[in-house]
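Participant: Dropping in entry_34.csv, with CSV, C-alpha atoms.
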chain,number,residue,atom,x,y,z
A,1,MET,CA,0.0,0.0,0.0
A,2,ALA,CA,1.6,3.2,-1.1
A,3,PRO,CA,1.9,6.0,1.5
A,4,LEU,CA,-0.5,8.9,1.2
A,5,ASN,CA,2.2,11.4,0.5
A,6,HIS,CA,3.5,9.4,-2.5
A,7,ILE,CA,0.0,9.4,-4.0
A,8,LEU,CA,-0.3,13.1,-3.4
A,9,ALA,CA,3.1,13.7,-5.0
A,10,LEU,CA,2.0,11.9,-8.1
A,11,SER,CA,-1.2,14.0,-8.1
A,12,VAL,CA,0.8,17.3,-7.7
A,13,ILE,CA,3.3,16.3,-10.5
A,14,LEU,CA,0.4,15.5,-12.9
A,15,PHE,CA,-1.4,18.7,-12.0
A,16,GLY,CA,1.8,20.7,-12.5
A,17,LEU,CA,2.5,19.1,-15.9
A,18,GLY,CA,-1.1,19.9,-16.9
A,19,ALA,CA,-0.8,23.6,-15.8
A,20,ALA,CA,2.6,23.9,-17.6
A,21,GLY,CA,1.1,22.5,-20.8
A,22,PHE,CA,-1.9,24.9,-20.4
A,23,VAL,CA,0.6,27.8,-20.5
A,24,ILE,CA,3.1,26.6,-23.1
A,25,ARG,CA,0.9,24.9,-25.8
A,26,ARG,CA,-0.5,27.0,-28.7
A,27,ASN,CA,-3.1,24.5,-30.0
A,28,ILE,CA,-6.6,25.0,-28.5
A,29,ILE,CA,-7.3,21.2,-28.5
A,30,THR,CA,-4.0,20.4,-26.7
A,31,ILE,CA,-4.8,23.1,-24.1
A,32,PHE,CA,-8.2,21.4,-23.5
A,33,MET,CA,-6.4,18.1,-23.1
A,34,CYS,CA,-4.2,19.7,-20.5
A,35,ILE,CA,-7.3,20.7,-18.5
A,36,GLU,CA,-8.4,17.1,-18.6
A,37,LEU,CA,-5.0,16.1,-17.2
A,38,MET,CA,-5.4,18.5,-14.3
A,39,LEU,CA,-8.9,17.2,-13.6
A,40,ASN,CA,-7.4,13.6,-13.4
A,41,ALA,CA,-4.7,14.8,-11.0
A,42,VAL,CA,-7.4,16.1,-8.7
A,43,ASN,CA,-9.4,12.9,-9.0
A,44,LEU,CA,-6.3,11.0,-7.9
A,45,ALA,CA,-6.0,13.1,-4.8
A,46,PHE,CA,-9.7,12.5,-4.0
A,47,VAL,CA,-9.2,8.7,-4.3
A,48,GLY,CA,-6.1,8.8,-2.2
A,49,PHE,CA,-7.8,10.8,0.6
A,50,SER,CA,-10.9,8.6,0.4
A,51,ARG,CA,-8.7,5.5,0.8
A,52,TYR,CA,-6.8,6.9,3.8
A,53,LEU,CA,-9.7,8.4,5.6
A,54,GLY,CA,-11.9,5.4,5.0
A,55,ASP,CA,-14.7,7.6,3.6
A,56,LEU,CA,-16.4,6.6,0.4
A,57,SER,CA,-17.7,10.2,-0.2
A,58,GLY,CA,-14.4,11.0,-2.0
A,59,GLN,CA,-15.1,8.4,-4.6
A,60,ILE,CA,-18.6,9.9,-5.1
A,61,PHE,CA,-16.9,13.2,-5.7
A,62,VAL,CA,-14.7,11.6,-8.4
A,63,PHE,CA,-17.8,10.2,-10.0
A,64,PHE,CA,-19.3,13.7,-10.2
A,65,VAL,CA,-16.1,15.1,-11.5
A,66,ILE,CA,-16.1,12.6,-14.3
A,67,VAL,CA,-19.7,13.4,-15.2
A,68,VAL,CA,-19.0,17.1,-15.3
A,69,ALA,CA,-15.8,16.5,-17.4
A,70,ALA,CA,-17.9,14.6,-19.9
A,71,ALA,CA,-20.4,17.5,-20.2
A,72,GLU,CA,-17.5,19.9,-20.4
A,73,ALA,CA,-15.8,18.0,-23.1
A,74,ALA,CA,-19.0,17.9,-25.2
A,75,VAL,CA,-19.6,21.6,-24.9
A,76,GLY,CA,-16.0,22.6,-25.2
A,77,LEU,CA,-15.3,20.6,-28.3
A,78,ALA,CA,-18.5,22.1,-29.9
A,79,ILE,CA,-17.2,25.5,-29.1
A,80,ILE,CA,-13.8,24.6,-30.7
A,81,ILE,CA,-15.6,23.4,-33.8
A,82,ALA,CA,-17.6,26.7,-34.0
A,83,VAL,CA,-14.4,28.7,-33.5
A,84,GLU,CA,-12.6,26.8,-36.2
A,85,ARG,CA,-15.5,27.2,-38.6
A,86,ASN,CA,-15.5,31.0,-38.1
A,87,ARG,CA,-11.7,31.7,-37.9
A,88,GLN,CA,-10.2,28.7,-39.9
A,89,THR,CA,-7.5,28.3,-37.3
A,90,LEU,CA,-6.8,26.5,-34.0
A,91,ALA,CA,-3.9,28.6,-32.9
A,92,ILE,CA,-4.9,30.6,-29.8
A,93,ASP,CA,-2.5,33.4,-30.7
A,94,GLU,CA,-4.7,34.2,-33.7
A,95,ILE,CA,-8.0,34.0,-31.8
A,96,ASP,CA,-7.5,37.2,-29.8
A,97,SER,CA,-10.7,39.2,-30.4
A,98,MET,CA,-14.2,38.4,-29.1
A,99,LYS,CA,-16.0,40.0,-32.0
A,100,MET,CA,-16.2,38.2,-35.4
B,1,MET,CA,1.3,-4.6,-4.9
B,2,LEU,CA,3.6,-1.8,-3.9
B,3,PRO,CA,5.9,-1.8,-7.0
B,4,LEU,CA,2.9,-1.7,-9.3
B,5,PHE,CA,1.9,1.7,-7.9
B,6,TYR,CA,5.4,3.1,-8.6
B,7,ILE,CA,5.6,1.5,-12.1
B,8,PHE,CA,2.2,2.9,-13.2
B,9,GLY,CA,2.9,6.2,-11.5
B,10,ALA,CA,6.1,6.5,-13.5
B,11,VAL,CA,4.2,5.5,-16.7
B,12,ALA,CA,1.6,8.2,-15.9
B,13,ILE,CA,4.2,10.9,-15.4
B,14,LEU,CA,6.1,10.0,-18.6
B,15,ALA,CA,2.9,9.9,-20.6
B,16,ALA,CA,1.8,13.3,-19.1
B,17,LEU,CA,5.2,14.7,-20.2
B,18,SER,CA,4.5,13.4,-23.6
B,19,VAL,CA,1.0,15.1,-23.6
B,20,VAL,CA,2.6,18.4,-22.8
B,21,LEU,CA,5.7,18.2,-25.1
B,22,GLN,CA,4.3,16.7,-28.2
B,23,GLN,CA,3.7,19.1,-31.1
B,24,THR,CA,1.0,17.1,-32.8
B,25,PRO,CA,-2.4,17.0,-31.1
B,26,VAL,CA,-3.1,13.4,-32.1
B,27,TYR,CA,0.1,12.2,-30.3
B,28,SER,CA,-1.0,14.3,-27.3
B,29,ALA,CA,-4.4,12.6,-27.3
B,30,LEU,CA,-2.9,9.1,-27.5
B,31,SER,CA,-0.5,9.9,-24.6
B,32,LEU,CA,-3.4,11.2,-22.6
B,33,ILE,CA,-5.2,7.8,-23.1
B,34,VAL,CA,-2.0,6.1,-21.6
B,35,VAL,CA,-2.2,8.5,-18.6
B,36,LEU,CA,-5.9,7.7,-18.0
B,37,CYS,CA,-5.4,3.9,-18.3
B,38,SER,CA,-2.4,3.9,-15.9
B,39,LEU,CA,-4.4,6.1,-13.4
B,40,ALA,CA,-7.2,3.5,-13.7
B,41,VAL,CA,-4.7,0.9,-12.5
B,42,VAL,CA,-3.6,3.2,-9.7
B,43,TYR,CA,-7.3,3.5,-8.6
B,44,LEU,CA,-7.6,-0.3,-8.7
B,45,LEU,CA,-4.5,-0.6,-6.4
B,46,LEU,CA,-6.2,1.9,-4.1
B,47,GLY,CA,-9.3,-0.2,-3.8
B,48,ALA,CA,-11.6,1.9,-6.0
B,49,GLU,CA,-12.7,-0.8,-8.5
B,50,PHE,CA,-15.8,1.0,-9.6
B,51,LEU,CA,-13.9,4.2,-10.4
B,52,ALA,CA,-11.2,2.3,-12.2
B,53,VAL,CA,-13.8,0.8,-14.5
B,54,ILE,CA,-15.6,4.1,-15.0
B,55,GLN,CA,-12.3,5.8,-15.8
B,56,VAL,CA,-11.6,3.3,-18.6
B,57,ILE,CA,-15.1,3.3,-20.0
B,58,VAL,CA,-16.1,7.0,-19.7
B,59,TYR,CA,-12.8,8.8,-19.8
B,60,ALA,CA,-10.5,6.6,-22.0
B,61,GLY,CA,-13.5,5.3,-24.0
B,62,ALA,CA,-16.0,8.1,-24.5
B,63,ILE,CA,-14.3,11.4,-23.8
B,64,MET,CA,-11.0,10.6,-25.6
B,65,VAL,CA,-12.8,9.2,-28.6
B,66,LEU,CA,-14.6,12.5,-28.8
B,67,PHE,CA,-11.3,14.3,-28.7
B,68,VAL,CA,-9.7,12.2,-31.3
B,69,LEU,CA,-12.8,12.6,-33.5
B,70,VAL,CA,-12.6,16.4,-33.3
B,71,ILE,CA,-8.8,16.4,-33.9
B,72,MET,CA,-9.4,14.4,-37.1
B,73,LEU,CA,-12.5,16.4,-38.1
B,74,LEU,CA,-10.6,19.7,-37.8
B,75,ASN,CA,-7.5,18.2,-39.3
B,76,ALA,CA,-5.3,19.6,-36.5
B,77,ARG,CA,-1.7,19.6,-37.7
B,78,ARG,CA,1.6,20.1,-36.0
B,79,GLU,CA,1.5,23.5,-34.3
B,80,THR,CA,3.8,26.3,-35.4
B,81,PRO,CA,6.4,27.1,-32.7
B,82,ALA,CA,5.5,30.3,-31.0
B,83,ASP,CA,8.1,33.1,-30.8
B,84,ARG,CA,8.0,33.2,-27.0
B,85,SER,CA,9.6,36.2,-25.3
B,86,ARG,CA,12.9,35.7,-23.5
B,87,MET,CA,11.3,36.6,-20.2
B,88,ALA,CA,8.8,33.7,-20.4
B,89,ARG,CA,11.7,31.3,-21.0
B,90,TRP,CA,14.1,32.5,-18.3
B,91,LEU,CA,11.7,33.8,-15.7
B,92,GLY,CA,8.4,31.9,-16.3
B,93,PHE,CA,9.6,28.3,-16.4
B,94,PRO,CA,11.8,28.5,-13.3
B,95,LEU,CA,8.9,30.3,-11.4
B,96,LEU,CA,6.5,27.5,-12.5
B,97,ILE,CA,8.8,24.8,-11.4
B,98,ALA,CA,9.5,26.6,-8.1
B,99,PHE,CA,5.8,27.0,-7.5
B,100,PHE,CA,4.9,23.4,-8.0
B,101,GLY,CA,8.1,22.2,-6.3
B,102,GLN,CA,6.9,24.2,-3.2
B,103,ILE,CA,3.5,22.6,-3.3
B,104,LEU,CA,5.1,19.1,-3.7
B,105,PHE,CA,7.5,19.7,-0.8
B,106,ALA,CA,4.6,21.0,1.4
B,107,THR,CA,2.3,18.1,0.7
B,108,TRP,CA,5.2,15.6,1.0
B,109,ARG,CA,6.1,16.9,4.5
B,110,HIS,CA,2.6,17.5,5.8
B,111,PHE,CA,1.1,14.1,4.8
B,112,SER,CA,4.1,11.8,5.5
B,113,GLY,CA,3.7,8.8,7.8
B,114,LEU,CA,0.0,8.4,7.5
B,115,HIS,CA,-1.4,4.9,7.8
B,116,ALA,CA,-4.2,3.6,5.7
B,117,THR,CA,-7.5,2.5,7.2
B,118,PRO,CA,-8.1,-1.2,6.9
B,119,GLN,CA,-9.5,-2.3,3.5
B,120,MET,CA,-13.0,-1.0,3.1
B,121,ALA,CA,-15.7,-2.2,0.7
B,122,ALA,CA,-15.6,0.1,-2.3
B,123,GLY,CA,-17.4,-2.1,-4.8
B,124,PRO,CA,-20.4,-1.0,-7.0
B,125,LYS,CA,-22.8,-2.0,-4.2
B,126,SER,CA,-21.5,0.3,-1.5
B,127,ILE,CA,-20.9,3.2,-4.0
B,128,GLY,CA,-24.5,2.8,-5.3
B,129,GLU,CA,-26.0,2.7,-1.8
B,130,LEU,CA,-24.1,5.9,-0.9
B,131,LEU,CA,-24.9,7.6,-4.2
B,132,PHE,CA,-28.7,6.9,-4.1
B,133,ARG,CA,-29.1,7.4,-0.3
B,134,ASN,CA,-27.0,10.4,0.6
B,135,TYR,CA,-26.3,12.0,-2.8
B,136,ALA,CA,-29.5,11.4,-4.6
B,137,LEU,CA,-30.2,15.1,-5.3
B,138,PRO,CA,-26.8,15.8,-6.8
B,139,PHE,CA,-27.1,12.7,-8.9
B,140,GLU,CA,-30.4,13.9,-10.4
B,141,LEU,CA,-29.0,17.3,-10.9
B,142,THR,CA,-26.1,15.8,-13.0
B,143,SER,CA,-28.7,14.3,-15.3
B,144,VAL,CA,-30.1,17.8,-15.9
B,145,LEU,CA,-26.5,19.1,-16.5
B,146,ILE,CA,-25.9,16.4,-19.1
B,147,LEU,CA,-29.2,17.2,-20.9
B,148,VAL,CA,-28.2,20.9,-21.0
B,149,ALA,CA,-24.7,19.9,-22.3
B,150,ILE,CA,-26.2,17.8,-25.1
B,151,LEU,CA,-28.5,20.7,-26.2
B,152,GLY,CA,-25.6,23.2,-26.0
B,153,ALA,CA,-23.3,21.0,-28.0
B,154,VAL,CA,-25.9,20.5,-30.7
B,155,ILE,CA,-26.8,24.2,-30.9
B,156,LEU,CA,-23.1,25.3,-30.8
B,157,ALA,CA,-22.0,22.9,-33.5
B,158,LYS,CA,-24.8,23.8,-35.9
B,159,LYS,CA,-23.9,25.4,-39.2
B,160,GLN,CA,-25.2,28.9,-38.5
B,161,VAL,CA,-24.3,30.1,-35.0
Kindly transcribe the structure held in the file into structure tokens.
Facilitator:
Amino acid sequence: MAPLNHILALSVILFGLGAAGFVIRRNIITIFMCIELMLNAVNLAFVGFSRYLGDLSGQIFVFFVIVVAAAEAAVGLAIIIAVERNRQTLAIDEIDSMKM
Amino acid sequence: MLPLFYIFGAVAILAALSVVLQQTPVYSALSLIVVLCSLAVVYLLLGAEFLAVIQVIVYAGAIMVLFVLVIMLLNARRETPADRSRMARWLGFPLLIAFFGQILFATWRHFSGLHATPQMAAGPKSIGELLFRNYALPFELTSVLILVAILGAVILAKKQV
């Protein structure tokens, strides 16, 4: 059984990588995938705490996070498709004005 | 059991690095699937069987298929390297590493030496009981959320926005 601080260290490293990717990547889809990476890091922390506190509520939280992530992915990808249709680009450096 | 956690943790970290560093979105998406599957194994080792299965079915199965589909639909190519300012490279990256290193150090120190509670029942039965007894209202609200998300996705992706 891995100690709690090792689980949390894995979670922090994954979250940090997701945050770094969110900052350095230029493709809007890759940025969206980095957000998913951060959500998964948080889920791992929830499962670790749930295991160590002996409380199943943490796993229910992860269940809700996964449901919200699914809804977010559907809406977010629809927005990305709409943006690509209007601007013909996925590079966020070129999508810098809110008006068409 | 213990080495498996470290093996799959290392696989998750390497694949996450690949997600961040790959220039081509399809490679990032495939690396993200590796991260999700190795995290499912970690959940399994932590005694969360239901979540491990949900992770593979919903995350690696449904959400990532949606991502790959959109990447191929939009024909997302290799991204052009951005001309980043020198300050971002020499000040931003060290600050980012210092920030998350600090969080890592603090969590490592603060939560060291904790002992796990004895193995608890975390199968679908106990999860379902808790979900429908204590968390029934949030569960019903998520169904409304998903309905709204479906409608929003359809309306947003229509030809004329």
Participant: One decimal, in Å: what's the spacing between CA of Ala48 (chain B) and CA of Pro124 (chain B)?
Facilitator: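 Answer for the CA of Ala48 (chain B) to CA of Pro124 (chain B) separation: 9.3 Å.
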Participant: With a distance threshold of 6 Å and counting all atoms listed in the file, extract the residues of chain B near chain A and express them as number ranges by chain.
Facilitator: B: 2, 20, 25, 104, 108, 111-112, 116-117, 146, 149, 153, 156-157
Participant: Please produce a file of the residues just selected, as a compact mmCIF listing (two decimals), in the coordinates of the input, where the atoms kept are C-alpha atoms.
Facilitator:
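The resulting file, again_24.txt, is shown below:
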# COMPACT_ATOMS: atom_id res chain seq x y z
CA LEU B 2 3.60 -1.80 -3.90
CA VAL B 20 2.60 18.40 -22.80
CA PRO B 25 -2.40 17.00 -31.10
CA LEU B 104 5.10 19.10 -3.70
CA TRP B 108 5.20 15.60 1.00
CA PHE B 111 1.10 14.10 4.80
CA SER B 112 4.10 11.80 5.50
CA ALA B 116 -4.20 3.60 5.70
CA THR B 117 -7.50 2.50 7.20
CA ILE B 146 -25.90 16.40 -19.10
CA ALA B 149 -24.70 19.90 -22.30
CA ALA B 153 -23.30 21.00 -28.00
CA LEU B 156 -23.10 25.30 -30.80
CA ALA B 157 -22.00 22.90 -33.50
Participant: When distances are computed from only C-alpha atoms, which of B:Leu39, B:Ala52, B:Leu32, B:Leu46 shows the smallest separation from Val65 (chain B)?
Facilitator: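 Looking at the shortest contact to Val65 (chain B), the residue is B:Leu32.
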Participant: Pick from A:Ala45, A:Met98, A:Leu39, A:Ile92: nearest to Val65 (chain A), with all atoms listed in the file counted?
Facilitator: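 Closest residue, counting all atoms listed in the file: A:Leu39.
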Participant: To one decimal in Å, tell me the separation between CA of Gly123 (chain B) and CA of Ala15 (chain B).
Facilitator: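 Distance reported for this atom pair: 28.4 Å.
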Participant: Suppose you want the space between CA of Leu36 (chain B) and CA of Ala12 (chain B); what is it in Å?
Facilitator: 7.8 Å
Participant: As lines of an AutoDock Vina configuration file, please report the centre and edge lengths, rounded to one decimal in Å, of the axis-aligned box that holds all listed atoms of region 39-54 of chain A with 8 Å of padding on each of the six sides.
Facilitator:
center_x = -8.3
center_y = 11.3
center_z = -4.0
size_x = 23.2
size_y = 27.8
size_z = 35.2
Participant: May I ask which of the residues B:Leu51, B:Ala60, B:Met87, B:Leu44 is the closest one to Gly58 (chain A), counting only C-alpha atoms?
Facilitator: B:Leu51
Participant: Using all atoms listed in the file, which protein or nucleic acid residues come within 8 Å of Val26 (chain B)? Drop anything in the same chain fewer than 5 positions from it, and give the result as an MDAnalysis selection string.
Facilitator: chainID B and resid 68 71 76
